[in-house]
Every structure is written in structure tokens, then in C-alpha cells.
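Below is one structure, written out as C-alpha cells, with a few remarks after it.
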Amino acid sequence: MGFTAAIAFLVMKTGRVSRWRAVFLVVMAWAFVVRFKAQAVGLKAGAFMTEPTQEVPYCHVALSSTILNAAYNQYLALKSGAWRQWGPLSLGFLWLVFTLALGQAWCSWVCYFGGLDEGFSRLLGRFRLRRFSLPPAVRDLPAGVLIFFAVISMTSLTPMFCLWACPIKLTTSFLDPVDAVRKAQTVILVVMAAGTLVLGPLITGKRVFCGLVCPFGAWQSLWGQVNPFRVTLDKESCTRCRLCVWACPTMAIEHGGPGHPRIIPYCNRCGECVDVCPEGAISFTLLGLPSGGQVVAGAGRSPLAELWEVRSLLVFCGLVLGGAVGGVFVPDALRTLAKALLR
Amino acid sequence: MKALFAEGLALGLSTGLYCLGACAPFLVPYLLAEETGWRRDLTVLGKFLIGRLAAYMLFAVVVGYLGARAATPPPWLTGVAFLLCGLALIGYAVARNAPRPGACGRLAAPGMPLLMGFLAGINICPPFTAGLVRLLTLGSVGRCVVYFAAFYLGTTVYVAATLLLAPLKAVPRLRAAASIACGLSGLWFAAMGLAALR
Ligand code: SF4
Ligand code: SF4
């Protein structure tokens, strides 16, 4: 609670949304890793999962990539009347609450995958290779990943993304590499984690997993449109300097050739471009409607007026929901760390 | 003959969901990656189904003619079918996404769904094996053809249901994403094919 409140205070004091949001997200993500790694090691006296098949874990990325399986299981559960099996429905309800409140901002304010990606993407500071833009088609990769894994998971009735591609598997528990298939899976998982969560972000300064792989990001970019928060570029004030294009960690701003940069639907409301634009041409809005200009801290608006800015509303929603999810594992992570240090 | 037809149809209808599982990874991304339009969708599905029918009939005739000698198809057949299907899908994805189509452009040709249907049809999946075992007992080409035609019809009910996903193509980015999914499916099937051939 105190930590969340401190982040809110720092955002309001400095006017820098993305910097303090990143601190919040990275701390939450590492707390998640400590909590789950400790649990996996503690429970199994080794970080291996040895079961031949695996249930879909309670994880948003797993759920999006097994959405057809979830729909099918829910259908069976409803048909059988076994209400105890209605797990997907309750998870679906939770997802709906988060989507209505945050939309795509989940990826930048709550997601632990995003937190790890974000942390590594900022680690090398100015030595990162940030100034590049990818062909637009490449940015559709996560949606392709989503379609592929949703279909293949349904046809095999197993969570294929978790078994074959999830980079965060290494932060919870490995698959026991007993046979050739398990060995292949382990190699791919290691390559995915090293490439998309560590080396890729370190070198490029971008959130490579979020921008090029994550099926939930693609899923949320579709459904997130029901949430009113938007990041809007005002063409009148924009000088086409492209600082926002280079700064966007999820590669969600198209270069735009000789024209203005274009924010695409994969934007997950991190606020980096809002912070970086020297002209104040980018701002958080509701449904893209003009919000009365961007507030720069100390620029003469009363603190009360600032509280009613769209930006403040997004920060509030992000921190409350991010804090609520973090509350499930951060206290446990702190206890684990304290125990380890005092041992 | 009527009883034989009914039996084949029943087998197809009862195991068709599995067939959908086997065909969806080929068909769904491909269907979604193509331009919108019901006529086009029906053409793609129709070609896929004709390709699949050709494969089924080939099996029926060969097994009916050769009998027990052809009842156990060589184990490498599934591997080769998977590998070819995988390579075709990869080629298609490259052709769809390459800035200049070049040689790969031919893979996006109209015959592609036909080829994919045929390759999907010669995959030996469990319902197909069950059908093959029954063919062994029939003893004539005609009876085998009738039985497998009915089996094909039964399974087709499920495979044709993929058409219900077609309206999703109205989202332009989804078409691009589906062509990427084609490439991923291709890699997956090529890897499965290589593993089966090992
Ligand atoms: S940083 Fe601001 S001024 Fe520069 S291109 Fe982006 S929106 Fe325009
Ligand atoms: S467009 Fe701006 S707010 Fe959206 S992800 Fe990129 S930097 Fe963040």
C-alpha cells in the first residue's frame, strides 16, 4: 500500500508517468518471480515439473492462448451443471473487470511478463539501440502467435504456449527434460526467455516479448478498445521529430514516412511517449477526445485540477489494480526474501 | 450398400471432431489470411475438401484393390505429409508477407487449398485408422469407396464448420496476423514431420 501510494505521489510530483510506472511494474514483477520460484523449489525440492501433461495455469497469457479450450470446458461445465467447474467463468469475469477498468493498460501497469521485459529494456540506459522502426507487418506477430496457439491448443487439448514458448516458465518451474520432446521444449523455453525477456530488451531497449510475441497483448489490443483510455497524438503540435517513435518500448508507433507518426492499436498506455514528446503533442485522452491539453508538473495548474486529468485517472486505475494483483504475492515475496537473508 | 453407407457416416459423425482438430491448424489460418468475401471463402473450403476427398478415395481404391497388403500404410507417410504441408504453409506465409513475391508467389496460387486438403487427407489420424481397419474387411473396391465416401461426408460436417470463423476477416490486421499464423503452423508441421521421419 505504502509503495503504491509513494509511486502515485512521485508521478503527481514529477509529472513523469512512465518512469515511476516502470519502477512499480518492475518491482511487482520481481516480487512475482521470487514468490513463485521459491514456491516451486520449496514444494518440489527442485524446480522441475515432472507430470506428463499440464493443466492451464492461472495466468492471463496462458488463458488467452487457450481461449478455445476455456470456452469448450466452460460449455461442458455448464452442460453438466457442475458449478464447481465454472473456473473459466470466474476468471472471465475478473478479466472483464480489468479490461473495462484498464483495457490494454494492463500490459504496462499490472503484467509481470511486462515488468521483466521493462526492467531489462531500461537496464543499459543510453547504450541501448533504440532508434529503429520495424515494418508494420512484424508488429502483427503477437496476433499470429495468438491465432496459432489458440488453434493448436484446442486441437491438442493442452496449453501449447506454456509448454513450448512461455519465457516466464523459467521463473516458475522447468519441465523435467527426461526425453527428446522435453529436451526440445526446455531448449526453446530457454531461448525464448534469453531472447525475448533478457537479451532482446537489453540490446534494443524495447519490450521484445510484449511487442513481438505476447498473445495476451494481441488479445487485449482487440478487447481493450472497450476501455475509454487512449493515447492521442495532436498533429497540429507535432513537429515530426520521431522521438516518440524511438522511445515507444512496445513499437506501437509507426514511423509514418514523411507524415506524422501513427499510434497503432497495440499501444498499451505506458506513457513513455507522453513523457518524451518535447512539444506536449501526445496525451492521455478518453476515446481520443481533446482533454484540455497536457499538464506539465509545476506549470501552474492547481493540484486539484491535476487530479481530474485523464492522466491522473489512468494512474489511479493502474496503481489500484496493479497494487491489488501485487498484493497477492508481494507480501509473500518480502517474507521469503527476509527469511533467506536472516538464515 | 445402404447399411455400409450409414455405418461409414456414423463413424465420420462420431469421430469428426477429431478430424476438425487435425485439419483446423492447416485450414483456419489459411482461411483467415485470404481476402474477405463469402464466394472466395466457399471456394477455398471447397478446394480443401476436394483435395481431402481425393486423398480418401485414393486410400479406398488402393486398400480395396490390394487388400491386407495395403492396410498398414508405411509409417513414413504421415511424416512426409506433415513435412510437405508444413513447407507449403511456410512458403505461403512467406509469399503473403514478402515485399516482392518472386518465386514464392506461386505458392499463394489457387491450387494451394487443394494441395493442403490432399496432404491433410493422407495424414493417418486415429479415426482414419479406424476407417482403414474396417476397409480391410470389405473386400471390394466399390464397397471400400462407398464406405470411405460416407466416412468423409460425416467428418466434413465438422471441417466445414471452420467457415463460421470467416467473418473475423473483416478486421484487416487479423488477415495479416493469420498469414503469420500460417507460417507458425508450417514450422510446427514441418517439425512434426521431421520428428516422425526420424
Ligand atoms: S515526439 Fe512529439 S513532436 Fe516528435 S514526432 Fe512524436 S508526437 Fe511529434
Ligand atoms: S504509443 Fe506511447 S503509450 Fe503507447 S505503448 Fe508506445 S510509448 Fe507507450
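As shown in the C-alpha cells, the chain order sets the letters A, B, ...; within each chain, residues go from 1, and ligands are also counted from 1 in the order they appear.
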- [ ] Compute the set of chain A residues within 9 Å of chain B, using only C-alpha atoms, and express it as a PyMOL selection string.
- [x] chain A and resi 137-138+140-149+151-152+154-156
Restrict the selected residues to N, CA, C and O atoms and save them as a PDB file, in the first residue's frame.
```
ATOM      1  N   ALA A 137       4.048  -5.029 -40.659  1.00  0.00           N
ATOM      2  CA  ALA A 137       3.574  -6.420 -40.587  1.00  0.00           C
ATOM      3  C   ALA A 137       4.203  -7.159 -39.405  1.00  0.00           C
ATOM      4  O   ALA A 137       3.578  -8.026 -38.800  1.00  0.00           O
ATOM      5  N   VAL A 138       5.458  -6.805 -39.074  1.00  0.00           N
ATOM      6  CA  VAL A 138       6.149  -7.504 -37.986  1.00  0.00           C
ATOM      7  C   VAL A 138       5.410  -7.306 -36.664  1.00  0.00           C
ATOM      8  O   VAL A 138       5.378  -8.185 -35.809  1.00  0.00           O
ATOM      9  N   ASP A 140       2.439  -7.375 -36.182  1.00  0.00           N
ATOM     10  CA  ASP A 140       1.276  -8.262 -36.068  1.00  0.00           C
ATOM     11  C   ASP A 140       1.657  -9.664 -35.595  1.00  0.00           C
ATOM     12  O   ASP A 140       0.791 -10.534 -35.464  1.00  0.00           O
ATOM     13  N   LEU A 141       2.949  -9.866 -35.336  1.00  0.00           N
ATOM     14  CA  LEU A 141       3.391 -11.196 -34.893  1.00  0.00           C
ATOM     15  C   LEU A 141       2.608 -11.731 -33.693  1.00  0.00           C
ATOM     16  O   LEU A 141       2.159 -12.884 -33.712  1.00  0.00           O
ATOM     17  N   PRO A 142       2.402 -10.924 -32.635  1.00  0.00           N
ATOM     18  CA  PRO A 142       1.679 -11.471 -31.475  1.00  0.00           C
ATOM     19  C   PRO A 142       0.277 -11.963 -31.835  1.00  0.00           C
ATOM     20  O   PRO A 142      -0.184 -12.968 -31.298  1.00  0.00           O
ATOM     21  N   ALA A 143      -0.388 -11.263 -32.756  1.00  0.00           N
ATOM     22  CA  ALA A 143      -1.725 -11.710 -33.148  1.00  0.00           C
ATOM     23  C   ALA A 143      -1.625 -13.054 -33.887  1.00  0.00           C
ATOM     24  O   ALA A 143      -2.467 -13.938 -33.710  1.00  0.00           O
ATOM     25  N   GLY A 144      -0.559 -13.214 -34.706  1.00  0.00           N
ATOM     26  CA  GLY A 144      -0.329 -14.501 -35.370  1.00  0.00           C
ATOM     27  C   GLY A 144      -0.060 -15.591 -34.349  1.00  0.00           C
ATOM     28  O   GLY A 144      -0.582 -16.709 -34.454  1.00  0.00           O
ATOM     29  N   VAL A 145       0.761 -15.256 -33.337  1.00  0.00           N
ATOM     30  CA  VAL A 145       1.065 -16.214 -32.265  1.00  0.00           C
ATOM     31  C   VAL A 145      -0.231 -16.620 -31.548  1.00  0.00           C
ATOM     32  O   VAL A 145      -0.461 -17.795 -31.258  1.00  0.00           O
ATOM     33  N   LEU A 146      -1.094 -15.640 -31.305  1.00  0.00           N
ATOM     34  CA  LEU A 146      -2.362 -15.916 -30.616  1.00  0.00           C
ATOM     35  C   LEU A 146      -3.221 -16.893 -31.428  1.00  0.00           C
ATOM     36  O   LEU A 146      -3.712 -17.892 -30.893  1.00  0.00           O
ATOM     37  N   ILE A 147      -3.385 -16.609 -32.723  1.00  0.00           N
ATOM     38  CA  ILE A 147      -4.228 -17.478 -33.555  1.00  0.00           C
ATOM     39  C   ILE A 147      -3.646 -18.894 -33.596  1.00  0.00           C
ATOM     40  O   ILE A 147      -4.340 -19.883 -33.362  1.00  0.00           O
ATOM     41  N   PHE A 148      -2.345 -18.963 -33.839  1.00  0.00           N
ATOM     42  CA  PHE A 148      -1.701 -20.280 -33.962  1.00  0.00           C
ATOM     43  C   PHE A 148      -1.859 -21.095 -32.679  1.00  0.00           C
ATOM     44  O   PHE A 148      -2.312 -22.245 -32.709  1.00  0.00           O
ATOM     45  N   PHE A 149      -1.519 -20.479 -31.537  1.00  0.00           N
ATOM     46  CA  PHE A 149      -1.559 -21.256 -30.294  1.00  0.00           C
ATOM     47  C   PHE A 149      -2.991 -21.559 -29.840  1.00  0.00           C
ATOM     48  O   PHE A 149      -3.238 -22.600 -29.238  1.00  0.00           O
ATOM     49  N   VAL A 151      -5.485 -22.235 -31.829  1.00  0.00           N
ATOM     50  CA  VAL A 151      -5.951 -23.371 -32.635  1.00  0.00           C
ATOM     51  C   VAL A 151      -5.233 -24.657 -32.234  1.00  0.00           C
ATOM     52  O   VAL A 151      -5.857 -25.692 -31.971  1.00  0.00           O
ATOM     53  N   ILE A 152      -3.916 -24.567 -32.106  1.00  0.00           N
ATOM     54  CA  ILE A 152      -3.145 -25.791 -31.831  1.00  0.00           C
ATOM     55  C   ILE A 152      -3.403 -26.293 -30.400  1.00  0.00           C
ATOM     56  O   ILE A 152      -3.390 -27.487 -30.143  1.00  0.00           O
ATOM     57  N   MET A 154      -6.280 -25.993 -28.870  1.00  0.00           N
ATOM     58  CA  MET A 154      -7.605 -26.608 -28.903  1.00  0.00           C
ATOM     59  C   MET A 154      -7.524 -28.000 -29.515  1.00  0.00           C
ATOM     60  O   MET A 154      -8.121 -28.952 -29.006  1.00  0.00           O
ATOM     61  N   THR A 155      -6.757 -28.115 -30.608  1.00  0.00           N
ATOM     62  CA  THR A 155      -6.731 -29.406 -31.289  1.00  0.00           C
ATOM     63  C   THR A 155      -5.959 -30.457 -30.492  1.00  0.00           C
ATOM     64  O   THR A 155      -6.209 -31.637 -30.631  1.00  0.00           O
ATOM     65  N   SER A 156      -5.014 -30.003 -29.647  1.00  0.00           N
ATOM     66  CA  SER A 156      -4.260 -30.988 -28.862  1.00  0.00           C
ATOM     67  C   SER A 156      -4.772 -31.071 -27.423  1.00  0.00           C
ATOM     68  O   SER A 156      -4.288 -31.894 -26.648  1.00  0.00           O
TER      69      SER A 156
END
```
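Counting only C-alpha atoms, A:Gly318 has the following residues at most 6 Å away, ignoring those fewer than 4 positions along the same chain: Trp109, Leu314 and Gly322 of chain A.
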May I have the residues from that selection written out with C-alpha atoms, as a PDB file, in the first residue's frame?
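The result, written out as out36.pdb:
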```pdb
ATOM      1  CA  TRP A 109       0.565  -1.435 -15.171  1.00  0.00           C
ATOM      2  CA  LEU A 314      -5.319   6.269 -15.612  1.00  0.00           C
ATOM      3  CA  GLY A 322      -1.713  -3.315 -10.190  1.00  0.00           C
TER       4      GLY A 322
END
```
Task: Selection: 7 Å around B:Leu89, only C-alpha atoms, excl. self and same-chain fewer than 2 positions, as an NGL selection string - done: :B and (85-87 or 91-93 or 182-183 or 186)
Around ligand 1, out to 6 Å and counting only C-alpha atoms and all ligand atoms, which residues are there? I want them as an mmCIF file with C-alpha atoms, in the first residue's frame.
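The resulting selection-v1.cif:
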```
data_model
loop_
_atom_site.group_PDB
_atom_site.id
_atom_site.type_symbol
_atom_site.label_atom_id
_atom_site.label_comp_id
_atom_site.auth_asym_id
_atom_site.auth_seq_id
_atom_site.Cartn_x
_atom_site.Cartn_y
_atom_site.Cartn_z
ATOM 1 C CA LEU A 233 -1.225 12.438 -30.957
ATOM 2 C CA CYS A 238 3.660 17.582 -33.651
ATOM 3 C CA THR A 239 6.951 18.613 -35.319
ATOM 4 C CA ARG A 240 7.667 15.071 -36.614
ATOM 5 C CA CYS A 241 10.879 14.766 -34.639
ATOM 6 C CA ARG A 242 10.130 10.994 -34.135
ATOM 7 C CA LEU A 243 11.379 10.977 -30.564
ATOM 8 C CA CYS A 244 8.158 9.168 -29.644
ATOM 9 C CA PRO A 261 3.881 9.188 -36.637
ATOM 10 C CA CYS A 277 7.464 14.446 -26.561
ATOM 11 C CA PRO A 278 9.109 17.888 -26.348
ATOM 12 C CA GLU A 279 6.016 19.598 -27.792
ATOM 13 C CA ALA A 281 1.759 16.717 -28.596
ATOM 14 C CA ILE A 282 0.876 13.342 -27.102
#
```
